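Right, one structure below, let's go through it.
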Amino acid sequence: MGGHRPGVLGLIGLASFAVALEIAPRAGLVPSEYAPPTSRIAVALGRLVQQNEFWIALRDTIITWGIGLGIAVAAGVLAGVVLGAVPLLWELASTTVEFLRPIPSVALIPLVIVLFGSTIESSVVLVVYAAFWQVLLQVLHGVADVDPVARDTARAYQLGRWARIRYLVWPTALPYVVTGVRLAASVALILAITGELVVGSPGLGKQIEVARQSGAVANVYALVVVTGILGVLANVAMRAIERRALAWHTAVRRDVAGSAVKEERAEVLA
Amino acid sequence: MRRIIALFAAAALFGAAACNSSNGTPSTPGQPDNVNVGVIAIVDVAPIYLGKQQGFFSKRNINLTLTTAQGGAAIVPAVVSGQYQFGFSNTVSLLLAAQNGLPLKVVCNGNNSTGMADADFAGLFVKADSPIKSPKELVGKTVAANTLKNIVEISVRDSVKKDGGDAAGVKFAELPFPDQLPALQAGRVDAIFVVEPFQAAAIAAGARKIASSYVDAAPNLTVAMYFTSNQLRTSNPGLVTRFTEAMKESLAYADTHPDEVRTVLGTYTQITAEVRAKLTLPKWPAEIDKASVQALAEHAQSYGLLTKQPDIAALLP
């Protein structure tokens with residue numbers, strides 16, 4: 001693998017996509033009134049970023065996303081550790097979890113409209129409901145993954161409950177938690193935008209609807225591009241957190257991962 | 001124990017709840033009243049944005065917050081519950097609310113049609129090459145309406161009736177305004193009824209106007225009005241009076257300053273400057289055209305949209 005080639009190729013791919021979207025409407029393959037060429041979207045985006053409303057909407061979406069994700073992660077980790085550590089509790093709760101989990105968060109839209117109206121709380125509730133399960137399930141798997149030998153060792157050394165959680169359960173569960181948070185982060189963004197679009201709580205989704213009601217098609221696409229960029233940034237941020245939180249883990253540590261591969265290869269050759 | 005997860009989920013669900021009911025408290029002397037008004041981000045509500053900008057509300061000690069909702073259907077319950085102190089809704093939705101006994105009271109006019117058939121802010125359009133030449137030919141055809149059983153449906157039926165056709169014979173399909181022109185061009189509907197800025201888009205796309213239905217419904221149709229809850233009217237009548245005065249001043253100002261209206265449109269909608277410069281503005285008289293409200297109520301009853309005569313005297317100021 002040679003250095004930066006994948007990144008460069010990715011950018012070339014993205015540029016070709018933009019060019020295709022520029023040509024298709026100009027060639028009449030799609031109606032340009034409803035699918036404007038890339039250049040017109042770029043101009044609309046350039047105008048949007050000069051408006052205060054745009055930045056307020058962006059801030060509102062980030063707040064919705066952040067608060068919702070924060071509540072979901074805190075609640076998910078806590079519930080996951082408690083349920084995972086006490087088998088009786090899990091057996092009692094599992095049916096309820098399996099019943100609630102498949103309910104799509106968007107099905108709660110009529111409920112949140114009645115409870116909170118077109119406020120930021122409405123979208124936060126949708127975000128929390130969708131993101132919570134992602135975290136909870138990962139934490140449950142993580143807690144269940146504790147090495148039995150390590151557990152027996154901890155018991156043999158008579159580690160207390162707190163020490164067991166701190167030195168045994170938490171390090172085992174952490175990679176799962178981080179994966180759960182990363183999954184939850186992208187789901188949270190989807191639900192934040194959906195809530196704003198449908199419920200009308202403040203944010204980029206609402207601005208998309210306002211642009212639509214204003215017949216400003218290029219603005220609609222410009223805002224969609226912004227939500228895409230937001231998604232990419234969220235993912236990059238989550239990966240950075242992952243690398244930091246799991247710096248000790250073999251999946252992240254290049255040196256160990258590399259030597260592990262070499263050992264494996266050596267075994268195969270032998 | 002069994003429901004621990006359900007409890008937890010419920011706690012997470014309602015954890016973000018904040019009590020936001022601040023309705024019905026009398027004004028504190030020397031303190032401006034915080035007033036939240038539910039509006040829709042459309043051309044019709046330009047006067048209230050302009051009035052806020054001009055200080056018509058702040059000089060009456062009203063600290064005005066304008067919240068845009070997805071439609072009148074979301075505003076009415078929010079005003080009843082006190083989330084908004086005032087709201088903007090079309091006349092038929094308010095008549096329906098009155099018929100259903102909701103405790104609402106109109107405080108002032110919203111906006112009216114221009115009354116000019118060739119220059120209204122809304123219209124009934126067909127495709128350029130459509131064989132339909134006049135509204136009566138819509139019998140048996142499908143017309144797109146933004147909301148079924150509401151003001152658009154009544155007005156379009158009025159156009160058909162006025163043209164000598166069978167008003168009951170027209171079919172309606174519910175389509176949001178932004179989706180109507182594409183549907184017309186694709187042949188999914190035979191006619192559309194759009195307001196600005198989609199009327200400008202329809203004209204630009206070559207669609208042909210066959211009627212100004214708001215003008216056909218009544219000479220100076222009051223399309224929408226501002227309203228409040230009976231609760232606020234009893235608990236703080238002074239605030240309602242001050243809001244009404246500020247609103248009337250805003251309407252009069254908007255009606256005489258169309259260029260400023262076109263500018264303020266750019267602040268709360270995303271209508272492009274080119275479209276803003278050429279779209280047809282509605283009329284903003286300060287007073288409600290009561291005869292047109294009466295006419296709408298009667299037409300709504302004759303088409304079966306209202307089941308009984310609403311108490312118009314109790315609804316209007």
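Residues are referred to by chain and number: the chain letter is A, B, ... according to the order shown in the structure tokens, the number counts from 1 in that chain, and ligands are numbered separately from 1 in the order shown.
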So that I can check the surroundings of Ala144 in chain A, please list as an NGL selection string every protein, DNA and RNA residue that reaches within 7 Å of it, counting only C-alpha atoms and ignoring chain neighbours fewer than 3 positions away. :A and (84 or 140-141)
Where in range 127-241 of chain B does DSSP assign helix (DSSP H, G or I), given as a PyMOL selection string? chain B and resi 135-138+151-162+167-169+177-185+198-204+213-217+230-235+237-241
For those residues, write N, CA and C atoms to a file as a short mmCIF file (atom, residue, chain, number, x, y, z; two decimals), in the first residue's frame.
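Contents of again-v1.cif, freshly written:
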```cif
data_model
loop_
_atom_site.label_atom_id
_atom_site.label_comp_id
_atom_site.auth_asym_id
_atom_site.auth_seq_id
_atom_site.Cartn_x
_atom_site.Cartn_y
_atom_site.Cartn_z
N PRO B 135 -62.50 26.37 -16.07
CA PRO B 135 -62.70 25.53 -14.87
C PRO B 135 -63.78 24.46 -15.01
N LYS B 136 -64.84 24.73 -15.76
CA LYS B 136 -65.93 23.74 -15.81
C LYS B 136 -65.49 22.42 -16.45
N GLU B 137 -64.43 22.50 -17.25
CA GLU B 137 -63.92 21.28 -17.89
C GLU B 137 -63.13 20.41 -16.91
N LEU B 138 -62.99 20.86 -15.66
CA LEU B 138 -62.28 20.07 -14.66
C LEU B 138 -63.14 18.96 -14.06
N ILE B 151 -59.33 25.35 2.33
CA ILE B 151 -59.66 26.56 1.57
C ILE B 151 -59.43 26.39 0.07
N VAL B 152 -58.39 25.63 -0.32
CA VAL B 152 -58.11 25.46 -1.74
C VAL B 152 -59.23 24.67 -2.41
N GLU B 153 -59.67 23.62 -1.76
CA GLU B 153 -60.73 22.79 -2.34
C GLU B 153 -62.02 23.60 -2.52
N ILE B 154 -62.38 24.39 -1.51
CA ILE B 154 -63.59 25.22 -1.60
C ILE B 154 -63.46 26.22 -2.75
N SER B 155 -62.32 26.90 -2.82
CA SER B 155 -62.14 27.94 -3.84
C SER B 155 -62.17 27.36 -5.25
N VAL B 156 -61.51 26.21 -5.44
CA VAL B 156 -61.49 25.61 -6.77
C VAL B 156 -62.90 25.17 -7.17
N ARG B 157 -63.63 24.58 -6.22
CA ARG B 157 -65.03 24.20 -6.51
C ARG B 157 -65.85 25.44 -6.86
N ASP B 158 -65.56 26.56 -6.17
CA ASP B 158 -66.26 27.82 -6.48
C ASP B 158 -65.99 28.25 -7.93
N SER B 159 -64.72 28.09 -8.36
CA SER B 159 -64.38 28.46 -9.74
C SER B 159 -65.17 27.62 -10.73
N VAL B 160 -65.27 26.31 -10.46
CA VAL B 160 -65.99 25.40 -11.35
C VAL B 160 -67.47 25.78 -11.40
N LYS B 161 -68.03 26.05 -10.21
CA LYS B 161 -69.44 26.40 -10.10
C LYS B 161 -69.73 27.71 -10.85
N LYS B 162 -68.87 28.69 -10.65
CA LYS B 162 -69.04 30.00 -11.27
C LYS B 162 -69.01 29.89 -12.80
N ALA B 167 -69.70 21.47 -9.39
CA ALA B 167 -68.60 21.62 -8.42
C ALA B 167 -68.27 20.31 -7.73
N ALA B 168 -69.28 19.44 -7.56
CA ALA B 168 -69.05 18.19 -6.84
C ALA B 168 -68.27 17.18 -7.68
N GLY B 169 -68.19 17.44 -8.99
CA GLY B 169 -67.58 16.46 -9.90
C GLY B 169 -66.07 16.55 -10.00
N PHE B 177 -47.44 22.21 -1.97
CA PHE B 177 -47.21 23.18 -3.05
C PHE B 177 -45.93 22.92 -3.85
N PRO B 178 -44.78 22.61 -3.20
CA PRO B 178 -43.55 22.44 -3.99
C PRO B 178 -43.62 21.26 -4.96
N ASP B 179 -44.50 20.28 -4.69
CA ASP B 179 -44.53 19.07 -5.54
C ASP B 179 -45.56 19.17 -6.66
N GLN B 180 -46.32 20.28 -6.68
CA GLN B 180 -47.45 20.32 -7.62
C GLN B 180 -47.04 20.53 -9.07
N LEU B 181 -46.12 21.49 -9.30
CA LEU B 181 -45.71 21.74 -10.68
C LEU B 181 -45.05 20.51 -11.33
N PRO B 182 -44.12 19.83 -10.61
CA PRO B 182 -43.57 18.59 -11.20
C PRO B 182 -44.67 17.57 -11.52
N ALA B 183 -45.68 17.45 -10.64
CA ALA B 183 -46.76 16.49 -10.87
C ALA B 183 -47.58 16.87 -12.10
N LEU B 184 -47.78 18.19 -12.27
CA LEU B 184 -48.54 18.66 -13.44
C LEU B 184 -47.76 18.35 -14.72
N GLN B 185 -46.45 18.64 -14.67
CA GLN B 185 -45.63 18.42 -15.86
C GLN B 185 -45.52 16.95 -16.22
N PHE B 198 -44.73 29.63 -5.90
CA PHE B 198 -44.86 28.55 -6.87
C PHE B 198 -45.68 28.98 -8.08
N GLN B 199 -46.51 30.04 -7.90
CA GLN B 199 -47.21 30.59 -9.06
C GLN B 199 -46.19 31.15 -10.05
N ALA B 200 -45.18 31.87 -9.51
CA ALA B 200 -44.15 32.42 -10.38
C ALA B 200 -43.42 31.30 -11.12
N ALA B 201 -43.15 30.20 -10.41
CA ALA B 201 -42.47 29.06 -11.03
C ALA B 201 -43.35 28.43 -12.10
N ALA B 202 -44.66 28.33 -11.82
CA ALA B 202 -45.58 27.73 -12.78
C ALA B 202 -45.64 28.57 -14.06
N ILE B 203 -45.70 29.90 -13.86
CA ILE B 203 -45.74 30.80 -15.02
C ILE B 203 -44.44 30.67 -15.82
N ALA B 204 -43.32 30.64 -15.09
CA ALA B 204 -42.01 30.52 -15.76
C ALA B 204 -41.91 29.22 -16.54
N SER B 213 -58.96 31.32 -8.25
CA SER B 213 -60.05 30.76 -7.44
C SER B 213 -60.34 31.55 -6.18
N TYR B 214 -59.32 32.17 -5.57
CA TYR B 214 -59.57 32.97 -4.38
C TYR B 214 -60.47 34.16 -4.72
N VAL B 215 -60.34 34.66 -5.94
CA VAL B 215 -61.19 35.77 -6.37
C VAL B 215 -62.61 35.25 -6.68
N ASP B 216 -62.68 34.02 -7.21
CA ASP B 216 -63.98 33.44 -7.51
C ASP B 216 -64.77 33.13 -6.23
N ALA B 217 -64.05 32.84 -5.14
CA ALA B 217 -64.71 32.45 -3.89
C ALA B 217 -65.44 33.63 -3.26
N ASN B 230 -59.01 31.70 24.05
CA ASN B 230 -59.91 32.41 24.95
C ASN B 230 -59.27 32.58 26.33
N GLN B 231 -58.40 31.63 26.67
CA GLN B 231 -57.73 31.68 27.97
C GLN B 231 -56.90 32.95 28.11
N LEU B 232 -56.10 33.24 27.06
CA LEU B 232 -55.25 34.43 27.12
C LEU B 232 -56.10 35.70 27.10
N ARG B 233 -57.21 35.64 26.36
CA ARG B 233 -58.09 36.80 26.25
C ARG B 233 -58.67 37.17 27.61
N THR B 234 -58.96 36.14 28.42
CA THR B 234 -59.51 36.43 29.75
C THR B 234 -58.40 36.82 30.72
N SER B 235 -57.25 36.11 30.64
CA SER B 235 -56.22 36.34 31.65
C SER B 235 -55.42 37.61 31.39
N PRO B 237 -56.24 40.57 28.84
CA PRO B 237 -56.90 41.27 27.71
C PRO B 237 -56.08 42.44 27.20
N GLY B 238 -55.30 43.08 28.08
CA GLY B 238 -54.49 44.22 27.64
C GLY B 238 -53.47 43.80 26.61
N LEU B 239 -52.85 42.65 26.82
CA LEU B 239 -51.84 42.15 25.88
C LEU B 239 -52.47 41.88 24.52
N VAL B 240 -53.66 41.27 24.54
CA VAL B 240 -54.35 40.97 23.29
C VAL B 240 -54.64 42.26 22.52
N THR B 241 -55.08 43.29 23.24
CA THR B 241 -55.37 44.58 22.60
C THR B 241 -54.09 45.17 21.99
#
```
DSSP on the backbone, strand (DSSP E or B) only: what residues of range 39-214 of chain B does that give? Format it as a VMD selection string. chain B and resid 39 62 to 68 86 to 90 104 to 112 122 to 126 142 to 145 171 to 174 191 to 195 208 to 211
Select residues of chain A: the criterion is any atom within 7 Å of an atom of chain B, counting only C-alpha atoms; output as a list of chain:residue names.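 Applying the cut-off to the listed atoms yields A:Leu92, A:Ala93, A:Thr96, A:Val97, A:Ser118, A:Glu121, A:Val125, A:Tyr129, A:Gly200, A:Val210, A:Ala211, A:Arg212, A:Gln213, A:Ser214, A:Gly215, A:Ala216.
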If I take CA of Val293 in chain B and CA of Thr91 in chain B, how far is one from the other in Å, to one decimal? 7.0 Å
Which residues come within 10 Å of Leu183 in chain A, counting only C-alpha atoms, excluding same-chain residues fewer than 6 positions away, as a PyMOL selection string? chain A and resi 131+134-135+138+177+235+238
Any chance you can output those residues with N, CA and C atoms as a JSON list (two decimals), in the first residue's frame?
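The resulting file, part.json, is reproduced below:
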```json
[["chain", "number", "residue", "atom", "x", "y", "z"],
["A", 131, "ALA", "N", -30.41, 6.15, 19.34],
["A", 131, "ALA", "CA", -29.00, 5.92, 19.63],
["A", 131, "ALA", "C", -28.80, 5.03, 20.86],
["A", 134, "GLN", "N", -28.24, 1.24, 20.23],
["A", 134, "GLN", "CA", -26.95, 0.94, 19.63],
["A", 134, "GLN", "C", -25.89, 0.76, 20.71],
["A", 135, "VAL", "N", -25.90, 1.70, 21.67],
["A", 135, "VAL", "CA", -24.90, 1.67, 22.74],
["A", 135, "VAL", "C", -25.19, 0.49, 23.68],
["A", 138, "GLN", "N", -24.16, -2.98, 22.33],
["A", 138, "GLN", "CA", -22.71, -3.14, 22.28],
["A", 138, "GLN", "C", -22.15, -3.37, 23.68],
["A", 177, "VAL", "N", -17.94, -0.50, 23.56],
["A", 177, "VAL", "CA", -18.58, 0.79, 23.86],
["A", 177, "VAL", "C", -18.25, 1.79, 22.76],
["A", 235, "ASN", "N", -18.04, 11.28, 11.80],
["A", 235, "ASN", "CA", -17.37, 9.98, 11.72],
["A", 235, "ASN", "C", -15.87, 10.12, 11.97],
["A", 238, "MET", "N", -15.32, 10.66, 15.63],
["A", 238, "MET", "CA", -15.52, 9.44, 16.41],
["A", 238, "MET", "C", -14.33, 8.50, 16.26]]
```
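Residues lying within 10 Å of Lys283 in chain B, counting only C-alpha atoms and ignoring same-chain neighbours fewer than 2 positions away, are B:Asp44, B:Gly110, B:Asn111, B:Asn112, B:Ser113, B:Thr114, B:Gly115, B:Asp120, B:Phe121, B:Asn220, B:Leu221, B:Thr222, B:Val223, B:Leu251, B:Ala252, B:Ala254, B:Asp255, B:Thr256, B:Thr280, B:Leu281, B:Pro285, B:Ala286.
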Would you output that residue set with C-alpha atoms, as a compact mmCIF listing (two decimals), in the first residue's frame?
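again_23.txt was written with the following content:
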```txt
# COMPACT_ATOMS: atom_id res chain seq x y z
CA ASP B 44 -48.60 35.78 3.66
CA GLY B 110 -54.09 37.96 8.08
CA ASN B 111 -54.08 38.50 4.34
CA ASN B 112 -56.52 38.78 1.45
CA SER B 113 -56.61 37.99 -2.22
CA THR B 114 -55.91 41.00 -4.43
CA GLY B 115 -59.45 40.70 -5.74
CA ASP B 120 -53.85 37.46 -7.70
CA PHE B 121 -51.16 35.80 -5.60
CA ASN B 220 -61.98 40.34 -1.30
CA LEU B 221 -61.43 36.97 0.29
CA THR B 222 -59.84 36.97 3.75
CA VAL B 223 -57.55 34.00 3.23
CA LEU B 251 -50.60 45.17 8.03
CA ALA B 252 -51.15 48.76 6.98
CA ALA B 254 -46.86 46.17 4.63
CA ASP B 255 -49.71 47.08 2.30
CA THR B 256 -48.13 50.43 1.49
CA THR B 280 -47.47 38.92 -6.86
CA LEU B 281 -48.05 39.99 -3.26
CA PRO B 285 -56.03 45.19 4.76
CA ALA B 286 -56.16 45.81 8.52
```
